[in-house]
$ cat entry31.cif   # mmCIF, C-alpha atoms
data_final
#
loop_
_atom_site.label_atom_id
_atom_site.label_comp_id
_atom_site.auth_asym_id
_atom_site.auth_seq_id
_atom_site.Cartn_x
_atom_site.Cartn_y
_atom_site.Cartn_z
CA MET H 1117 228.39 -3.47 -12.70
CA THR H 1118 226.65 -3.20 -9.33
CA GLY H 1119 224.12 -0.70 -10.65
CA ARG H 1120 223.25 -2.94 -13.58
CA THR H 1121 222.80 -5.98 -11.36
CA ASP H 1122 220.49 -4.06 -9.03
CA ALA H 1123 218.48 -2.75 -11.97
CA VAL H 1124 217.55 -6.23 -13.19
CA ARG H 1125 217.08 -7.79 -9.77
CA THR H 1126 213.68 -9.49 -9.51
CA PRO H 1127 211.49 -8.05 -6.74
CA ARG H 1128 210.26 -10.51 -4.14
CA GLY H 1129 206.65 -11.12 -3.29
CA ALA H 1130 205.40 -10.51 0.23
CA LEU H 1131 202.48 -10.68 2.63
CA VAL H 1132 202.10 -7.53 4.72
CA GLY H 1133 199.91 -7.43 7.82
CA VAL H 1134 198.85 -3.82 8.32
CA ASP H 1135 199.20 -3.05 12.03
CA PRO H 1136 200.17 0.58 12.79
CA ALA H 1137 201.06 -0.38 16.37
CA ASN H 1138 203.64 -2.94 15.23
CA PRO H 1139 204.43 -2.45 11.51
CA LEU H 1140 207.08 -5.20 11.23
CA ALA H 1141 205.20 -7.97 13.04
CA GLY H 1142 203.17 -8.93 9.96
CA LEU H 1143 205.83 -8.57 7.28
CA VAL H 1144 206.55 -11.81 5.41
CA VAL H 1145 208.90 -11.30 2.45
CA PHE H 1146 209.14 -14.43 0.31
CA GLN H 1147 212.67 -15.78 0.45
CA TYR H 1148 212.10 -17.33 -2.98
CA ASN H 1149 209.29 -16.30 -5.30
CA PRO H 1150 206.90 -19.21 -5.99
CA ASP H 1151 207.20 -20.68 -9.48
CA GLU H 1152 203.43 -20.67 -9.92
CA MET H 1153 200.24 -19.27 -8.50
CA THR H 1154 196.73 -20.72 -8.93
CA ARG H 1155 193.87 -18.20 -9.10
CA ARG H 1156 190.16 -19.06 -9.21
CA LEU H 1157 187.42 -16.49 -9.82
CA VAL H 1158 183.71 -17.12 -9.19
CA ALA H 1159 181.03 -14.63 -10.23
CA ARG H 1160 178.83 -12.99 -7.58
CA THR H 1161 175.26 -13.28 -8.83
CA PRO H 1162 171.78 -12.92 -7.29
CA GLU H 1163 171.41 -16.72 -7.47
CA GLY H 1164 174.60 -17.40 -5.54
CA ASP H 1165 178.30 -17.64 -6.17
CA GLU H 1166 178.03 -20.27 -8.92
CA GLY H 1167 175.33 -18.33 -10.79
CA ALA H 1168 173.12 -21.35 -11.49
CA GLY H 1169 169.36 -21.04 -11.95
CA GLY H 1170 167.25 -17.95 -11.38
CA ALA H 1171 165.08 -15.74 -13.55
CA ARG H 1172 166.10 -14.89 -17.11
CA SER H 1173 166.17 -11.20 -16.24
CA GLU H 1174 168.89 -11.97 -13.70
CA ALA H 1175 171.08 -14.05 -16.02
CA LEU H 1176 173.71 -11.32 -16.57
CA ARG H 1177 173.34 -9.46 -13.30
CA LEU H 1178 176.34 -9.17 -10.98
CA THR H 1179 176.05 -8.28 -7.31
CA GLY H 1180 179.70 -7.34 -6.82
CA ALA H 1181 183.29 -8.18 -7.67
CA PRO H 1182 184.02 -11.87 -8.27
CA ILE H 1183 185.18 -14.04 -5.41
CA GLU H 1184 188.84 -14.76 -6.09
CA THR H 1185 190.96 -17.33 -4.30
CA ILE H 1186 194.72 -17.74 -4.67
CA SER H 1187 196.85 -20.78 -3.88
CA LEU H 1188 200.64 -20.68 -3.76
CA ALA H 1189 203.55 -22.41 -2.07
CA VAL H 1190 206.36 -20.56 -0.29
CA GLU H 1191 209.76 -22.13 0.39
CA LEU H 1192 211.66 -21.23 3.58
CA ASP H 1193 215.32 -22.19 3.97
CA ALA H 1194 217.91 -21.08 6.53
CA THR H 1195 220.85 -22.90 4.91
CA ASP H 1196 222.56 -19.76 3.59
CA GLN H 1197 222.01 -17.84 6.82
CA LEU H 1198 223.45 -20.71 8.87
CA ALA H 1199 226.49 -20.86 6.58
CA ASP H 1200 227.00 -17.12 7.14
CA GLY H 1201 226.67 -17.53 10.93
CA ASP H 1202 223.50 -15.42 11.17
CA PRO H 1203 222.76 -15.29 14.96
CA GLN H 1204 218.97 -15.47 14.57
CA ALA H 1205 219.13 -18.46 12.22
CA VAL H 1206 221.63 -20.24 14.48
CA LEU H 1207 219.43 -19.70 17.55
CA LEU H 1208 215.93 -20.16 16.08
CA GLY H 1209 216.17 -21.53 12.54
CA ILE H 1210 213.11 -20.42 10.54
CA HIS H 1211 210.80 -20.22 13.58
CA PRO H 1212 210.48 -16.40 13.25
CA GLN H 1213 209.41 -16.59 9.59
CA LEU H 1214 206.84 -19.29 10.37
CA ALA H 1215 205.56 -17.27 13.32
CA ALA H 1216 205.12 -14.20 11.11
CA LEU H 1217 202.91 -16.24 8.78
CA GLU H 1218 200.90 -17.74 11.63
CA MET H 1219 200.28 -14.35 13.23
CA LEU H 1220 198.22 -13.38 10.18
CA LEU H 1221 195.56 -15.77 11.53
CA TYR H 1222 195.69 -14.72 15.18
CA PRO H 1223 193.85 -11.89 16.95
CA LYS H 1224 196.19 -9.68 18.97
CA SER H 1225 196.99 -11.15 22.39
CA SER H 1226 196.43 -7.72 23.97
CA VAL H 1227 192.80 -7.81 22.77
CA VAL H 1228 192.37 -11.38 24.04
CA LEU H 1229 193.73 -10.41 27.48
CA GLY H 1230 191.64 -7.25 27.54
CA ASN H 1231 188.48 -9.24 26.83
CA MET H 1232 189.38 -11.69 29.61
CA VAL H 1233 189.54 -8.75 32.02
CA LEU H 1234 186.23 -7.37 30.74
CA THR H 1235 184.61 -10.79 31.16
CA ALA H 1236 185.97 -11.11 34.70
CA VAL H 1237 184.36 -7.81 35.74
CA GLY H 1238 181.01 -8.71 34.17
CA THR H 1239 181.14 -6.58 31.01
CA ILE H 1240 178.68 -7.84 28.39
CA GLU H 1241 180.14 -6.14 25.31
CA LEU H 1242 183.63 -7.26 24.42
CA VAL H 1243 186.10 -5.72 21.99
CA PRO H 1244 185.70 -7.41 18.56
CA MET H 1245 188.71 -9.53 17.62
CA GLU H 1246 189.99 -9.12 14.07
CA ALA H 1247 192.95 -10.37 12.09
CA PRO H 1248 195.11 -7.61 10.60
CA LEU H 1249 194.33 -6.34 7.11
CA THR H 1250 196.73 -8.38 4.99
CA LEU H 1251 198.11 -7.32 1.62
CA LEU H 1252 199.55 -9.63 -1.02
CA VAL H 1253 202.32 -7.71 -2.78
CA TRP H 1254 203.23 -9.34 -6.09
CA GLY H 1255 205.07 -6.68 -8.03
CA ALA H 1256 204.11 -3.03 -8.38
CA GLY H 1257 201.07 -3.94 -10.47
CA ARG H 1258 199.42 -6.26 -7.96
CA VAL H 1259 198.87 -5.15 -4.38
CA LEU H 1260 195.74 -6.88 -3.13
CA PRO H 1261 193.91 -7.00 0.20
CA VAL H 1262 193.57 -10.68 1.10
CA ARG H 1263 192.58 -12.93 3.93
CA LEU H 1264 194.83 -15.88 4.69
CA THR H 1265 192.11 -18.50 5.09
CA SER H 1266 194.37 -21.46 5.79
CA PHE H 1267 197.83 -22.84 5.21
CA SER H 1268 199.76 -26.01 5.79
CA ILE H 1269 203.40 -26.19 6.79
CA THR H 1270 205.67 -29.08 5.83
CA GLU H 1271 208.83 -28.91 7.94
CA GLN H 1272 211.54 -30.65 5.97
CA ALA H 1273 214.78 -30.34 7.96
CA TYR H 1274 215.94 -29.45 11.49
CA ASP H 1275 219.12 -28.35 13.25
CA ASN H 1276 220.59 -30.13 16.27
CA GLN H 1277 218.24 -28.20 18.58
CA LEU H 1278 215.20 -29.35 16.53
CA ASN H 1279 214.58 -25.88 15.15
CA PRO H 1280 213.11 -26.16 11.64
CA ILE H 1281 215.59 -24.91 9.04
CA GLN H 1282 213.71 -25.86 5.86
CA ALA H 1283 209.97 -25.83 5.22
CA ARG H 1284 207.27 -25.34 2.62
CA ALA H 1285 204.11 -23.36 3.39
CA ASP H 1286 201.09 -23.97 1.12
CA LEU H 1287 198.93 -20.85 1.38
CA GLU H 1288 195.24 -20.36 0.61
CA LEU H 1289 194.22 -16.71 0.19
CA ARG H 1290 190.84 -15.09 -0.35
CA VAL H 1291 191.01 -11.75 -2.14
CA LEU H 1292 188.96 -9.09 -0.32
CA SER H 1293 187.17 -6.66 -2.63
CA TYR H 1294 184.98 -3.61 -2.12
CA SER H 1295 182.16 -6.17 -1.83
CA ASP H 1296 183.78 -7.47 1.38
CA LEU H 1297 185.30 -4.36 2.98
CA SER H 1298 183.73 -1.17 4.26
CA VAL H 1299 184.40 2.08 2.43
CA THR H 1300 186.50 3.23 5.40
CA SER H 1301 188.97 0.36 4.92
CA PRO H 1302 192.16 1.08 2.93
CA GLY H 1303 191.68 -2.34 1.32
CA HIS H 1304 188.39 -1.18 -0.22
CA HIS H 1305 190.19 1.53 -2.21
CA LEU H 1306 193.20 -0.65 -3.01
CA PHE H 1307 190.96 -3.22 -4.66
CA LEU H 1308 189.03 -0.58 -6.58
CA ALA H 1309 192.33 0.79 -7.95
CA HIS H 1310 193.31 -2.79 -8.85
CA GLN H 1311 190.07 -3.25 -10.81
CA ILE H 1312 190.52 0.05 -12.66
CA ALA H 1313 194.03 -1.05 -13.67
CA LYS H 1314 192.58 -4.35 -14.94
CA GLU H 1315 189.97 -2.48 -16.98
CA THR H 1316 192.76 -0.44 -18.58
CA MET H 1317 194.74 -3.57 -19.48
CA ALA H 1318 191.61 -5.26 -20.88
CA THR H 1319 191.04 -2.20 -23.10
CA LEU H 1320 194.62 -2.44 -24.39
CA SER H 1321 194.06 -6.12 -25.18
CA ALA H 1322 190.82 -5.35 -27.04
CA ARG H 1323 192.51 -2.64 -29.11
CA SER H 1324 195.33 -5.00 -30.02
CA ALA H 1325 192.83 -7.69 -31.09
CA ALA H 1326 190.86 -5.16 -33.13
CA GLY H 1327 194.06 -4.07 -34.86
CA ARG H 1328 194.84 -7.65 -35.86
CA ALA H 1329 191.31 -8.04 -37.23
CA VAL H 1330 191.65 -4.90 -39.37
CA THR H 1331 195.04 -5.84 -40.83
CA GLY H 1332 194.40 -9.55 -41.27
CA GLY H 1333 190.66 -9.86 -41.70
CA ILE H 1334 188.41 -11.68 -39.24
CA GLY H 1335 190.86 -14.58 -39.31
CA GLY H 1336 193.41 -12.31 -37.63
CA LEU H 1337 191.45 -12.55 -34.40
CA PHE H 1338 192.26 -16.22 -34.13
CA ARG H 1339 195.97 -16.10 -34.85
#
$ encode --input "entry31.cif" --output "structure tokens"
Amino acid sequence: MTGRTDAVRTPRGALVGVDPANPLAGLVVFQYNPDEMTRRLVARTPEGDEGAGGARSEALRLTGAPIETISLAVELDATDQLADGDPQAVLLGIHPQLAALEMLLYPKSSVVLGNMVLTAVGTIELVPMEAPLTLLVWGAGRVLPVRLTSFSITEQAYDNQLNPIQARADLELRVLSYSDLSVTSPGHHLFLAHQIAKETMATLSARSAAGRAVTGGIGGLFR
């Protein structure tokens, strides 16, 4: 019975901040998978992201992968952990989970402090500050490099120490493609693999549609 239950268990989505120096600091596993996800794709064209205007010869030209944005809401709830007496939940509520999300927008404090020292001694060139490469993991078929552009947190309940114990985080993500990342970035190759997988699925869809057209006439395409 246990093996069967594990076999049909739904995997959980996650955001993973890739930081070799501290692999677990940027790991945010969704406690509950969102019920929906909104995706918006805008073509990259020579005339701009919306593709309006320009010469006729440029009408079908693409300058790179489309710009894709993703919106989703993540629910955080410590009720079960509190009922089980989980020490971290009792002491901090869901502060650690919220902090893990927020850290995806922060440069590392060690870099900030290092640049303060460099500034104090008169160094002109400072170490560039970057957020970690973040991956959206949504099943085995969708592992995407993304940038968390913004998010809002609605804290909905607190314990007697005013630690939040229930909250909703509304996330806005920008997918990073090979048009955004250098060829040396792992995200560059992850996105390229993602596109190749999409091309394969699109081919399967086209073959299926062609089969319906052959067996049912042209009207089969619209059934």
$ atom_distance --input "entry31.cif" --atom1 "atom CA of H:Ala1216" --atom2 "atom CA of H:Tyr1148"
16.0 Å
$ resolve_selection --input "entry31.cif" --expression "the PyMOL selection byres ((chain H and resi 1197) around 12)" --output "PyMOL selection string"
chain H and resi 1147+1192-1196+1198-1210+1281-1282
$ atom_distance --input "entry31.cif" --atom1 "atom CA of H:Trp1254" --atom2 "atom CA of H:Ala1325"
27.1 Å
$ residues_near_point --input "entry31.cif" --point "(185.4, -9.3, -10.7)" --cutoff "12 Å" --atoms "only C-alpha atoms" --output "list of chain:residue names"
H:Arg1156, H:Leu1157, H:Val1158, H:Ala1159, H:Arg1160, H:Thr1161, H:Asp1165, H:Leu1178, H:Thr1179, H:Gly1180, H:Ala1181, H:Pro1182, H:Ile1183, H:Glu1184, H:Thr1185, H:Val1291, H:Leu1292, H:Ser1293, H:Tyr1294, H:Ser1295, H:Phe1307, H:Leu1308, H:His1310, H:Gln1311, H:Ile1312, H:Lys1314, H:Glu1315
$ atom_distance --input "entry31.cif" --atom1 "atom CA of H:Leu1289" --atom2 "atom CA of H:Glu1218"
13.3 Å
$ resolve_selection --input "entry31.cif" --expression "the PyMOL selection byres ((chain H and resi 1224) around 9)" --output "PDB file with C-alpha atoms, in the coordinates of the input"
ATOM      1  CA  MET H1219     200.280 -14.350  13.230  1.00  0.00           C
ATOM      2  CA  TYR H1222     195.690 -14.720  15.180  1.00  0.00           C
ATOM      3  CA  PRO H1223     193.850 -11.890  16.950  1.00  0.00           C
ATOM      4  CA  SER H1225     196.990 -11.150  22.390  1.00  0.00           C
ATOM      5  CA  SER H1226     196.430  -7.720  23.970  1.00  0.00           C
ATOM      6  CA  VAL H1227     192.800  -7.810  22.770  1.00  0.00           C
ATOM      7  CA  VAL H1228     192.370 -11.380  24.040  1.00  0.00           C
ATOM      8  CA  LEU H1229     193.730 -10.410  27.480  1.00  0.00           C
ATOM      9  CA  MET H1245     188.710  -9.530  17.620  1.00  0.00           C
ATOM     10  CA  GLU H1246     189.990  -9.120  14.070  1.00  0.00           C
ATOM     11  CA  ALA H1247     192.950 -10.370  12.090  1.00  0.00           C
ATOM     12  CA  PRO H1248     195.110  -7.610  10.600  1.00  0.00           C
TER      13      PRO H1248
END
$ residues_around --input "entry31.cif" --residues "stretch 1260-1275 of chain H" --least-positions-apart "5" --cutoff "6 Å" --atoms "all atoms listed in the file" --output "list of chain:residue names"
H:Thr1250, H:Leu1251, H:Leu1252, H:Pro1280, H:Ile1281, H:Gln1282, H:Ala1283, H:Arg1284, H:Ala1285, H:Asp1286, H:Leu1287, H:Glu1288, H:Leu1289, H:Arg1290, H:Val1291, H:Leu1292, H:Gly1303
$ closest_residue --input "entry31.cif" --among "H:Met1153, H:Leu1249, H:Thr1126, H:Val1190" --to "H:Gln1213" --atoms "only C-alpha atoms"
H:Val1190
$ closest_residue --input "entry31.cif" --among "H:Glu1152, H:Pro1162, H:Pro1127, H:Ala1189" --to "H:Arg1177" --atoms "all atoms listed in the file"
H:Pro1162
